[in-house]
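Okay, query.txt now, which holds compact mmCIF, C-alpha atoms:
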```
# COMPACT_ATOMS: atom_id res chain seq x y z
CA MET A 1 -40.35 -134.26 -132.33
CA GLY A 2 -41.44 -134.52 -128.80
CA ILE A 3 -40.09 -136.11 -125.70
CA ASN A 4 -42.68 -136.21 -123.01
CA TYR A 5 -40.84 -134.29 -120.34
CA PHE A 6 -43.36 -135.15 -117.66
CA THR A 7 -42.90 -138.90 -118.00
CA ALA A 8 -39.13 -138.41 -118.35
CA PHE A 9 -39.14 -136.38 -115.14
CA GLY A 10 -41.31 -138.93 -113.35
CA PHE A 11 -39.26 -141.98 -114.30
CA ALA A 12 -35.98 -140.23 -113.54
CA PHE A 13 -37.39 -139.20 -110.14
CA ILE A 14 -38.34 -142.81 -109.34
CA ALA A 15 -35.03 -144.21 -110.59
CA THR A 16 -32.95 -141.71 -108.62
CA ALA A 17 -34.90 -142.16 -105.39
CA ALA A 18 -34.56 -145.95 -105.73
CA PHE A 19 -30.83 -145.50 -106.20
CA GLY A 20 -30.82 -143.45 -103.02
CA ILE A 21 -32.11 -146.56 -101.26
CA LEU A 22 -29.45 -148.70 -102.96
CA PHE A 23 -26.82 -146.29 -101.66
CA GLN A 24 -28.39 -146.30 -98.16
CA ALA A 25 -29.05 -142.56 -98.16
CA PRO A 26 -30.92 -141.08 -95.17
CA ARG A 27 -34.68 -141.32 -95.63
CA LYS A 28 -35.31 -137.58 -95.54
CA SER A 29 -32.96 -136.92 -98.45
CA LEU A 30 -34.62 -139.38 -100.88
CA PRO A 31 -37.24 -137.05 -102.43
CA VAL A 32 -34.74 -134.23 -102.68
CA SER A 33 -32.15 -136.33 -104.48
CA GLY A 34 -34.91 -137.75 -106.68
CA PHE A 35 -35.86 -134.23 -107.70
CA ILE A 36 -32.22 -133.31 -108.34
CA GLY A 37 -31.61 -136.38 -110.49
CA ALA A 38 -34.80 -135.77 -112.46
CA VAL A 39 -33.82 -132.17 -113.15
CA GLY A 40 -30.41 -133.33 -114.38
CA TRP A 41 -32.02 -135.90 -116.69
CA VAL A 42 -34.53 -133.41 -118.12
CA VAL A 43 -31.79 -130.85 -118.82
CA TYR A 44 -29.72 -133.58 -120.47
CA CYS A 45 -32.65 -134.73 -122.63
CA TYR A 46 -33.45 -131.15 -123.66
CA ILE A 47 -29.89 -130.29 -124.72
CA ARG A 48 -29.08 -133.67 -126.27
CA LYS A 49 -32.32 -134.51 -128.03
CA ASP A 50 -34.17 -131.25 -128.63
CA LEU A 51 -31.21 -128.96 -129.29
CA ALA A 52 -29.09 -131.88 -130.65
CA TYR A 53 -25.82 -130.76 -129.11
CA ASP A 54 -22.91 -133.15 -128.46
CA SER A 55 -23.27 -135.36 -125.44
CA PHE A 56 -20.25 -133.63 -123.86
CA TYR A 57 -22.10 -130.30 -123.64
CA ALA A 58 -25.34 -131.96 -122.60
CA MET A 59 -23.59 -133.82 -119.77
CA PHE A 60 -21.73 -130.70 -118.71
CA PHE A 61 -24.78 -128.46 -118.45
CA ALA A 62 -26.90 -131.16 -116.86
CA THR A 63 -24.19 -131.64 -114.23
CA VAL A 64 -23.91 -127.91 -113.63
CA ALA A 65 -27.67 -127.67 -113.03
CA LEU A 66 -27.69 -130.74 -110.81
CA SER A 67 -24.69 -129.83 -108.69
CA LEU A 68 -25.96 -126.28 -108.24
CA LEU A 69 -29.18 -127.74 -106.82
CA SER A 70 -27.20 -130.22 -104.70
CA GLU A 71 -24.99 -127.53 -103.21
CA LEU A 72 -28.06 -125.47 -102.37
CA ALA A 73 -29.80 -128.53 -100.89
CA ALA A 74 -26.68 -129.31 -98.85
CA ARG A 75 -26.84 -125.82 -97.36
CA VAL A 76 -30.55 -125.98 -96.70
CA PHE A 77 -30.69 -129.47 -95.18
CA LYS A 78 -27.26 -129.29 -93.46
CA GLN A 79 -25.99 -132.52 -95.06
CA PRO A 80 -22.81 -133.21 -97.04
CA VAL A 81 -23.08 -132.59 -100.78
CA THR A 82 -22.18 -136.21 -101.58
CA ILE A 83 -25.56 -137.39 -100.32
CA PHE A 84 -27.35 -135.46 -103.03
CA VAL A 85 -24.77 -135.61 -105.81
CA ILE A 86 -24.09 -139.36 -105.91
CA PRO A 87 -27.72 -140.45 -106.45
CA GLY A 88 -28.33 -137.32 -108.51
CA ILE A 89 -25.78 -138.04 -111.23
CA ILE A 90 -27.01 -141.62 -111.64
CA PRO A 91 -29.39 -140.95 -114.59
CA ILE A 92 -26.69 -139.26 -116.68
CA VAL A 93 -23.65 -141.22 -115.51
CA PRO A 94 -22.08 -143.11 -118.42
CA GLY A 95 -22.00 -146.61 -116.92
CA LEU A 96 -23.85 -148.02 -119.89
CA GLY A 97 -21.18 -146.74 -122.23
CA MET A 98 -18.50 -148.56 -120.26
CA TYR A 99 -20.47 -151.79 -120.49
CA ARG A 100 -21.10 -151.37 -124.21
CA GLY A 101 -17.44 -150.62 -124.90
CA MET A 102 -16.25 -153.60 -122.93
CA ALA A 103 -18.86 -155.86 -124.58
CA ALA A 104 -17.67 -154.72 -128.01
CA ILE A 105 -14.05 -155.43 -127.06
CA ILE A 106 -14.96 -158.90 -125.84
CA GLU A 107 -16.61 -159.56 -129.20
CA ASN A 108 -13.36 -158.52 -130.95
CA ASN A 109 -14.81 -155.24 -132.28
CA TYR A 110 -11.83 -153.24 -131.09
CA ASP A 111 -12.64 -150.18 -133.23
CA THR A 112 -16.19 -149.81 -131.95
CA GLY A 113 -15.12 -150.65 -128.43
CA MET A 114 -12.39 -148.03 -128.22
CA ASN A 115 -14.68 -145.51 -129.87
CA ILE A 116 -17.38 -146.08 -127.25
CA LEU A 117 -14.89 -146.14 -124.37
CA ILE A 118 -13.28 -142.85 -125.38
CA THR A 119 -16.70 -141.22 -125.76
CA THR A 120 -17.56 -142.54 -122.31
CA GLY A 121 -14.35 -141.10 -120.90
CA MET A 122 -15.16 -137.70 -122.41
CA ASP A 123 -18.70 -137.83 -120.98
CA ALA A 124 -17.42 -138.76 -117.55
CA SER A 125 -14.87 -135.96 -117.64
CA ALA A 126 -17.64 -133.54 -118.61
CA ILE A 127 -19.52 -134.61 -115.48
CA ALA A 128 -16.39 -134.31 -113.35
CA LEU A 129 -15.69 -130.87 -114.81
CA GLY A 130 -19.20 -129.64 -114.06
CA MET A 131 -19.04 -130.89 -110.49
CA MET A 132 -15.60 -129.39 -109.89
CA LEU A 133 -16.80 -126.09 -111.33
CA MET A 134 -19.76 -125.81 -108.97
CA THR A 135 -17.71 -126.97 -105.97
CA SER A 136 -15.06 -124.33 -106.67
CA VAL A 137 -17.65 -121.60 -107.20
CA PHE A 138 -19.26 -122.36 -103.85
CA ARG A 139 -15.87 -122.54 -102.16
CA VAL A 140 -14.91 -119.14 -103.56
CA ILE A 141 -18.19 -117.64 -102.30
CA LYS A 142 -17.61 -119.13 -98.85
CA ILE A 143 -14.01 -117.91 -98.65
CA SER A 144 -14.93 -114.40 -99.75
CA LYS A 145 -17.71 -114.31 -97.15
CA ASP A 146 -15.25 -115.38 -94.44
CA HIS A 147 -12.85 -112.72 -95.71
CA GLU A 148 -15.49 -110.01 -95.42
CA ARG A 149 -16.32 -111.05 -91.89
CA LEU A 150 -12.63 -110.96 -90.99
CA LEU A 151 -12.28 -107.47 -92.43
CA GLN A 152 -15.31 -106.28 -90.46
CA LEU A 153 -13.87 -107.70 -87.23
CA LEU A 154 -10.52 -106.00 -87.88
CA HIS A 155 -12.30 -102.75 -88.61
CA LYS A 156 -14.24 -102.94 -85.34
CA GLU A 157 -11.10 -103.68 -83.34
CA ASN A 158 -9.30 -100.76 -84.93
CA LYS A 159 -12.16 -98.42 -84.02
CA GLU A 160 -12.13 -99.58 -80.45
CA MET U 1 -17.41 -134.12 -70.15
CA GLU U 2 -16.94 -132.79 -73.64
CA LEU U 3 -14.44 -133.43 -76.32
CA GLU U 4 -13.38 -129.81 -76.25
CA ALA U 5 -13.07 -129.52 -72.46
CA VAL U 6 -9.82 -131.46 -72.10
CA PRO U 7 -7.27 -130.89 -74.86
CA LEU U 8 -6.58 -134.13 -76.73
CA SER U 9 -3.08 -135.54 -76.89
CA ARG U 10 -1.46 -136.16 -80.24
CA GLU U 11 -2.17 -139.90 -80.11
CA GLN U 12 -5.81 -139.40 -79.17
CA THR U 13 -6.27 -136.95 -82.02
CA LEU U 14 -4.71 -139.40 -84.43
CA HIS U 15 -6.96 -142.22 -83.24
CA ILE U 16 -10.19 -140.25 -83.54
CA ALA U 17 -9.12 -138.91 -86.93
CA LEU U 18 -8.37 -142.44 -88.13
CA GLY U 19 -11.75 -143.65 -86.89
CA MET U 20 -13.49 -140.88 -88.82
CA GLY U 21 -11.45 -141.59 -91.92
CA LYS U 22 -12.21 -145.31 -91.77
CA ALA U 23 -15.93 -144.72 -91.37
CA LEU U 24 -15.94 -142.33 -94.31
CA LEU U 25 -13.78 -144.34 -96.69
CA LYS U 26 -15.48 -147.68 -96.01
CA ASN U 27 -18.83 -146.16 -96.87
CA GLY U 28 -17.98 -144.61 -100.17
CA ALA U 29 -16.80 -141.03 -99.57
CA GLU U 30 -14.44 -139.43 -102.07
CA THR U 31 -10.73 -139.28 -101.28
CA SER U 32 -10.62 -135.51 -101.05
CA ARG U 33 -13.51 -135.48 -98.56
CA VAL U 34 -11.72 -137.98 -96.29
CA GLU U 35 -8.47 -136.03 -96.40
CA ASP U 36 -10.27 -132.77 -95.84
CA THR U 37 -12.25 -134.04 -92.83
CA ILE U 38 -9.18 -135.55 -91.17
CA SER U 39 -6.94 -132.54 -91.63
CA ARG U 40 -9.68 -130.16 -90.49
CA PHE U 41 -10.11 -132.23 -87.32
CA CYS U 42 -6.37 -132.16 -86.64
CA HIS U 43 -6.21 -128.40 -87.22
CA THR U 44 -9.06 -127.70 -84.80
CA HIS U 45 -7.19 -129.60 -82.11
CA GLY U 46 -4.04 -127.59 -82.70
CA TYR U 47 -1.89 -130.12 -84.53
CA HIS U 48 -0.90 -128.39 -87.73
CA ASP U 49 1.89 -130.72 -88.84
CA ILE U 50 -0.15 -133.92 -89.17
CA HIS U 51 -0.23 -135.18 -92.73
CA VAL U 52 -2.73 -137.57 -94.19
CA PHE U 53 -2.55 -139.74 -97.27
CA VAL U 54 -5.64 -141.57 -98.48
CA THR U 55 -6.15 -143.94 -101.36
CA PRO U 56 -9.25 -146.15 -101.78
CA THR U 57 -7.49 -148.99 -99.96
CA VAL U 58 -5.36 -147.33 -97.26
CA ILE U 59 -5.26 -144.39 -94.83
CA ILE U 60 -1.88 -143.21 -93.57
CA LEU U 61 -1.66 -140.55 -90.87
CA GLY U 62 1.58 -139.18 -89.55
CA ASP U 63 3.67 -136.15 -88.77
CA GLU U 64 6.98 -134.72 -89.90
CA GLU U 65 9.07 -135.59 -86.85
CA SER U 66 11.51 -138.48 -86.89
CA GLU U 67 10.23 -139.91 -83.59
CA GLY U 68 6.63 -139.00 -84.33
CA ALA U 69 3.70 -141.36 -84.41
CA THR U 70 2.34 -142.80 -87.64
CA ILE U 71 -0.80 -144.86 -87.85
CA ILE U 72 -2.16 -146.69 -90.82
CA SER U 73 -5.29 -148.58 -91.69
CA ARG U 74 -5.95 -150.95 -94.54
CA ILE U 75 -9.45 -150.84 -96.03
CA ARG U 76 -10.52 -154.06 -97.68
CA TYR U 77 -14.26 -153.99 -98.14
CA ARG U 78 -15.94 -150.87 -99.37
CA SER U 79 -19.59 -150.22 -100.07
CA THR U 80 -21.80 -147.17 -100.41
CA ASN U 81 -23.66 -146.14 -97.28
CA LEU U 82 -24.48 -142.46 -97.44
CA SER U 83 -26.12 -142.26 -94.03
CA VAL U 84 -22.80 -143.02 -92.29
CA ILE U 85 -21.20 -140.24 -94.29
CA SER U 86 -23.97 -137.95 -93.13
CA ALA U 87 -23.44 -138.99 -89.48
CA VAL U 88 -19.68 -138.41 -89.60
CA ASN U 89 -20.31 -135.07 -91.26
CA ASP U 90 -22.62 -134.08 -88.40
CA PHE U 91 -19.90 -135.06 -85.95
CA SER U 92 -17.22 -133.06 -87.69
CA TYR U 93 -19.37 -129.92 -87.97
CA ASN U 94 -20.63 -130.06 -84.37
CA LEU U 95 -17.20 -130.52 -82.84
CA LYS U 96 -17.62 -127.44 -80.69
CA ARG U 97 -20.81 -128.76 -79.06
CA TRP U 98 -19.96 -132.46 -79.07
CA PRO U 99 -21.22 -134.06 -75.82
CA LEU U 100 -19.05 -137.21 -75.66
CA ASN U 101 -15.52 -137.52 -74.32
CA TYR U 102 -12.58 -139.31 -75.91
CA GLU U 103 -13.45 -142.95 -75.13
CA GLU U 104 -17.12 -142.42 -75.88
CA THR U 105 -16.28 -140.78 -79.19
CA LEU U 106 -14.08 -143.71 -80.18
CA SER U 107 -16.78 -146.21 -79.33
CA TYR U 108 -19.38 -144.05 -81.12
CA LEU U 109 -17.29 -144.18 -84.30
CA GLU U 110 -16.77 -147.92 -83.86
CA GLU U 111 -20.50 -148.43 -83.43
CA LEU U 112 -21.18 -146.30 -86.50
CA ARG U 113 -19.01 -148.60 -88.56
CA HIS U 114 -20.78 -151.76 -87.41
CA LYS U 115 -24.34 -150.46 -87.39
CA ALA U 116 -26.77 -152.15 -89.76
CA PRO U 117 -27.61 -150.01 -92.80
CA PRO U 118 -30.99 -148.22 -92.72
CA TYR U 119 -32.50 -150.34 -95.49
CA GLY U 120 -32.47 -154.12 -95.25
CA LYS U 121 -31.67 -156.66 -97.91
CA TRP U 122 -35.16 -157.01 -99.34
CA ARG U 123 -35.77 -153.30 -99.57
CA VAL U 124 -32.53 -152.93 -101.48
CA CYS U 125 -33.65 -155.66 -103.89
CA MET U 126 -37.00 -153.92 -104.32
CA ALA U 127 -35.24 -150.62 -104.98
CA SER U 128 -33.04 -152.32 -107.54
CA ALA U 129 -36.12 -153.73 -109.29
CA ILE U 130 -37.85 -150.33 -109.32
CA SER U 131 -34.82 -148.46 -110.63
CA SER U 132 -34.23 -151.10 -113.33
CA ALA U 133 -37.81 -150.76 -114.50
CA ALA U 134 -37.64 -146.95 -114.49
CA PHE U 135 -34.37 -146.96 -116.41
CA SER U 136 -35.68 -149.29 -119.08
CA ALA U 137 -38.61 -146.92 -119.53
CA MET U 138 -36.31 -143.88 -119.63
CA LEU U 139 -34.08 -145.44 -122.28
CA GLY U 140 -36.95 -146.25 -124.61
CA GLY U 141 -38.67 -149.45 -123.52
CA ASN U 142 -42.38 -150.20 -123.68
CA SER U 143 -44.62 -151.48 -120.89
CA HIS U 144 -43.61 -155.12 -121.44
CA ASP U 145 -39.95 -154.18 -121.08
CA PHE U 146 -40.85 -152.27 -117.94
CA ILE U 147 -42.22 -155.37 -116.22
CA ALA U 148 -39.47 -157.65 -117.55
CA ALA U 149 -36.76 -155.25 -116.32
CA PHE U 150 -38.51 -155.07 -112.94
CA ILE U 151 -38.28 -158.86 -112.58
CA THR U 152 -34.77 -159.12 -114.00
CA GLY U 153 -33.24 -156.32 -111.93
CA GLY U 154 -34.90 -157.53 -108.74
CA LEU U 155 -33.96 -161.18 -109.11
CA SER U 156 -30.35 -160.50 -110.07
CA MET U 157 -29.94 -158.25 -107.01
CA VAL U 158 -31.44 -161.02 -104.85
CA LEU U 159 -28.85 -163.40 -106.31
CA LEU U 160 -26.03 -160.92 -105.63
CA LYS U 161 -27.15 -160.40 -102.03
CA GLN U 162 -27.47 -164.14 -101.41
CA MET U 163 -23.99 -164.65 -102.86
CA GLY U 164 -22.63 -161.89 -100.61
CA GLY U 165 -22.52 -164.21 -97.59
CA TYR U 166 -19.82 -166.33 -99.24
CA ARG U 167 -17.66 -163.25 -99.83
CA PRO U 168 -16.72 -163.98 -103.44
CA SER U 169 -14.24 -161.70 -105.18
CA ALA U 170 -15.86 -158.65 -106.72
CA PHE U 171 -15.00 -159.83 -110.22
CA TRP U 172 -16.94 -163.10 -109.97
CA GLU U 173 -19.79 -161.47 -108.10
CA ASN U 174 -20.34 -159.04 -110.96
CA ALA U 175 -19.78 -161.66 -113.65
CA LEU U 176 -22.39 -163.87 -112.02
CA SER U 177 -24.96 -161.09 -111.83
CA GLY U 178 -24.21 -160.22 -115.45
CA ALA U 179 -24.84 -163.83 -116.45
CA ALA U 180 -28.07 -163.88 -114.42
CA ILE U 181 -29.29 -160.68 -116.10
CA GLY U 182 -28.55 -162.17 -119.52
CA ALA U 183 -30.34 -165.43 -118.76
CA LEU U 184 -33.40 -163.71 -117.27
CA ALA U 185 -33.64 -161.23 -120.14
CA ILE U 186 -33.50 -164.06 -122.68
CA PHE U 187 -36.13 -165.94 -120.72
CA CYS U 188 -38.46 -162.91 -120.60
CA CYS U 189 -38.04 -162.36 -124.33
CA GLU U 190 -38.92 -165.98 -125.04
CA MET U 191 -42.01 -165.76 -122.86
CA ASP U 192 -43.28 -162.46 -124.24
CA GLY U 193 -42.81 -161.56 -127.89
CA GLU U 194 -43.20 -157.82 -127.36
CA CYS U 195 -40.09 -157.46 -125.21
CA THR U 196 -36.85 -156.17 -126.65
CA ARG U 197 -33.81 -157.82 -125.15
CA THR U 198 -31.54 -154.76 -125.28
CA ASN U 199 -34.04 -152.60 -123.43
CA ILE U 200 -34.38 -155.13 -120.61
CA ILE U 201 -30.62 -155.64 -120.31
CA VAL U 202 -29.93 -151.90 -120.36
CA GLY U 203 -32.39 -151.25 -117.57
CA ALA U 204 -31.46 -154.20 -115.40
CA LEU U 205 -27.72 -153.50 -115.67
CA MET U 206 -28.00 -149.98 -114.25
CA PRO U 207 -27.68 -150.92 -110.52
CA PHE U 208 -24.51 -152.90 -111.20
CA LEU U 209 -22.63 -150.55 -113.50
CA PRO U 210 -19.66 -148.62 -112.06
CA GLY U 211 -20.47 -145.27 -113.63
CA VAL U 212 -20.23 -143.37 -110.34
CA ALA U 213 -16.85 -144.97 -109.55
CA PHE U 214 -15.55 -143.92 -112.96
CA THR U 215 -16.75 -140.34 -112.54
CA ASN U 216 -15.33 -140.16 -109.02
CA GLY U 217 -11.99 -141.39 -110.38
CA LEU U 218 -11.91 -138.54 -112.86
CA ARG U 219 -12.87 -136.12 -110.09
CA ASP U 220 -9.96 -137.42 -108.04
CA TYR U 221 -7.65 -136.75 -110.99
CA MET U 222 -8.88 -133.18 -111.24
CA ALA U 223 -8.51 -132.64 -107.50
CA GLY U 224 -4.90 -133.86 -107.71
CA ASP U 225 -5.29 -137.24 -105.98
CA LEU U 226 -3.58 -139.09 -108.77
CA ILE U 227 -3.13 -142.49 -107.16
CA SER U 228 -6.72 -142.82 -106.01
CA GLY U 229 -7.89 -141.58 -109.40
CA ASN U 230 -5.88 -144.35 -111.05
CA SER U 231 -7.15 -147.05 -108.75
CA ARG U 232 -10.80 -145.98 -108.94
CA ILE U 233 -10.74 -145.91 -112.74
CA ALA U 234 -9.00 -149.30 -112.83
CA GLU U 235 -11.64 -150.69 -110.49
CA ALA U 236 -14.46 -149.30 -112.63
CA MET U 237 -12.91 -150.82 -115.77
CA LEU U 238 -12.54 -154.17 -114.02
CA PHE U 239 -16.19 -154.20 -112.94
CA ALA U 240 -17.42 -153.17 -116.39
CA THR U 241 -15.33 -155.96 -117.90
CA SER U 242 -16.61 -158.55 -115.48
CA ILE U 243 -20.26 -157.63 -116.11
CA ALA U 244 -19.66 -157.68 -119.86
CA ILE U 245 -18.01 -161.10 -119.59
CA GLY U 246 -20.92 -162.52 -117.60
CA LEU U 247 -23.50 -161.16 -120.02
CA ALA U 248 -21.53 -162.27 -123.06
CA PHE U 249 -21.31 -165.75 -121.58
CA SER U 250 -25.05 -166.24 -121.24
CA LEU U 251 -25.80 -164.66 -124.62
CA LEU U 252 -23.17 -166.89 -126.25
CA VAL U 253 -24.62 -170.02 -124.68
CA TRP U 254 -28.05 -169.02 -125.95
CA TYR U 255 -26.83 -168.39 -129.50
CA HIS U 256 -25.04 -171.72 -129.63
CA TRP U 257 -27.57 -174.06 -128.12
CA GLY U 258 -30.83 -172.22 -127.46
CA TRP U 259 -33.65 -174.43 -126.24
CA LYS U 260 -31.48 -177.50 -126.95
CA LEU U 261 -30.04 -176.98 -123.47
CA TRP U 262 -33.31 -178.40 -122.21
CA ALA U 263 -33.73 -181.21 -124.70
```
Produce structure tokens that represent the structure in this file.
Amino acid sequence: MGINYFTAFGFAFIATAAFGILFQAPRKSLPVSGFIGAVGWVVYCYIRKDLAYDSFYAMFFATVALSLLSELAARVFKQPVTIFVIPGIIPIVPGLGMYRGMAAIIENNYDTGMNILITTGMDASAIALGMMLMTSVFRVIKISKDHERLLQLLHKENKE
Amino acid sequence: MELEAVPLSREQTLHIALGMGKALLKNGAETSRVEDTISRFCHTHGYHDIHVFVTPTVIILGDEESEGATIISRIRYRSTNLSVISAVNDFSYNLKRWPLNYEETLSYLEELRHKAPPYGKWRVCMASAISSAAFSAMLGGNSHDFIAAFITGGLSMVLLKQMGGYRPSAFWENALSGAAIGALAIFCCEMDGECTRTNIIVGALMPFLPGVAFTNGLRDYMAGDLISGNSRIAEAMLFATSIAIGLAFSLLVWYHWGWKLWA
């Protein structure tokens, strides 16, 4: 079975960059967020379709990859992380699931609807978990760096 | 004259902090980012007892004293404009080298809130068309679906933007665009036998779906902002429902009457 990863990457890149325009992102960040979103989508496709894991794990690892790249990009380009993360999660964000669940509920298929909605909730919490994980990791690194600098300063003052 | 040269009074700090918070929240920043930016600003100016409470619809700033000042701002219309978030972020990181004084900073923030977004209406519609087409290809459509989703996504965004001038409630706005997507998808399928209706609808819906709002709501929960988590998730559910209602309406009309609507 083969997904063509090149076309998947290309379409996800275009979709994410277009969403950057919809969200009025600064022009310079569009290709970067397109790349980030495409990487997230390719990781998701690989884990979900090739390895056939649950969508929870696929979402989680795709989000980890994507927010790692976004945090790095935020440091490189001196922009807030939001600018890269919000367009970047668009390809994997479970908006379609919410629509499908609500459509099923409107058609009186309560079982299917609740099923889809709960799956959607789990997927969204996987994304939120992945993002929180990367944010906390980067915060811990930053705090420990500040701590080291503080210790060095104290050390110097003591010597003097 | 610099912002750092003369120490700001408590009221001035509160006003600048509120301006920053308004600019951030109106343009789609997360709750925790708004709270973080405001309290960092207050700390740098030496006011450590100022508390801030932000939900998606209100910002409250105040301190712990009984005769202290409290200011509040109600946010009614929110959209996503990431370049304003970027500008406010620049401001809050360059506070040490900020060239404007108090009045100039206030008017800068005011101007930032009223500035036109970097991409105009037609570019946004074009972007919506392109992303719809790309999504329908990503989710398994063929080349016919690609073109149909391009037309459908673009035209429904044009409709939404033209409706925006009348300031309808968000529910009816989304329901109307859902109905437009349904009607256009049905039309494309009737014109071209190789289109699949689900693929077109799935692609064209993407720009309207509140997936990011839902995920941000869950992030708010995990960060401990329970009230804004609740309200964001409720908003996302409301929008999903309204889009589903609009789409169901046009599909239902088609199933019942079909081409007889014309006859």
_Can you tell me which residues surround range 114-128 of chain U at a distance of at most 9 Å, considering all atoms listed in the file, apart from same-chain residues fewer than 6 positions away, and format the answer as JSON, numbers by chain?_
{"A": [15, 17, 18, 19, 20, 21, 22, 23, 24, 25, 26, 27], "U": [81, 83, 84, 150, 153, 154, 155, 156, 157, 158, 161, 204, 206, 207]}
*Pull out every residue of chain U that has at least one atom within 6 Å of chain A, counting only C-alpha atoms, and report them as a PyMOL selection string.*
chain U and resi 80-83+124+127+131+134+209-211+215+219+240-241+244
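Atom pair CA of Gly229 in chain U / CA of Leu24 in chain U: separated by 17.1 Å.
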*asked:* For a test of reading the model, state the distance in Å between CA of Gly258 in chain U and CA of Ile186 in chain U, rounded to one decimal.
replied: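 Computing the Euclidean distance for CA of Gly258 in chain U and CA of Ile186 in chain U yields 9.8 Å.
The spacing separating CA of Gly203 in chain U from CA of Ala137 in chain U amounts to 7.8 Å.
With distances restricted to only C-alpha atoms, U:Tyr47 is the closest residue to Glu64 in chain U from U:Tyr47, U:Phe214, U:Trp98, U:Phe91.
Counting all atoms listed in the file, the residue from U:Asp145, U:Asp63, U:Glu110, U:Glu35 that sits nearest to Cys188 in chain U is U:Asp145.
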*Select, from U:Ala236, U:His256, U:Gly19, U:Cys195, the residue with the minimum atom-to-atom distance to Tyr108 in chain U, counting only C-alpha atoms.*
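Smallest separation from Tyr108 in chain U among the options: U:Gly19.
The list of residues with at least one atom within 6 Å of Gly28 in chain U, based on all atoms listed in the file and without residues fewer than 2 positions apart in the same chain, reads Leu25, Lys26, Ser79 and Thr80 of chain U.
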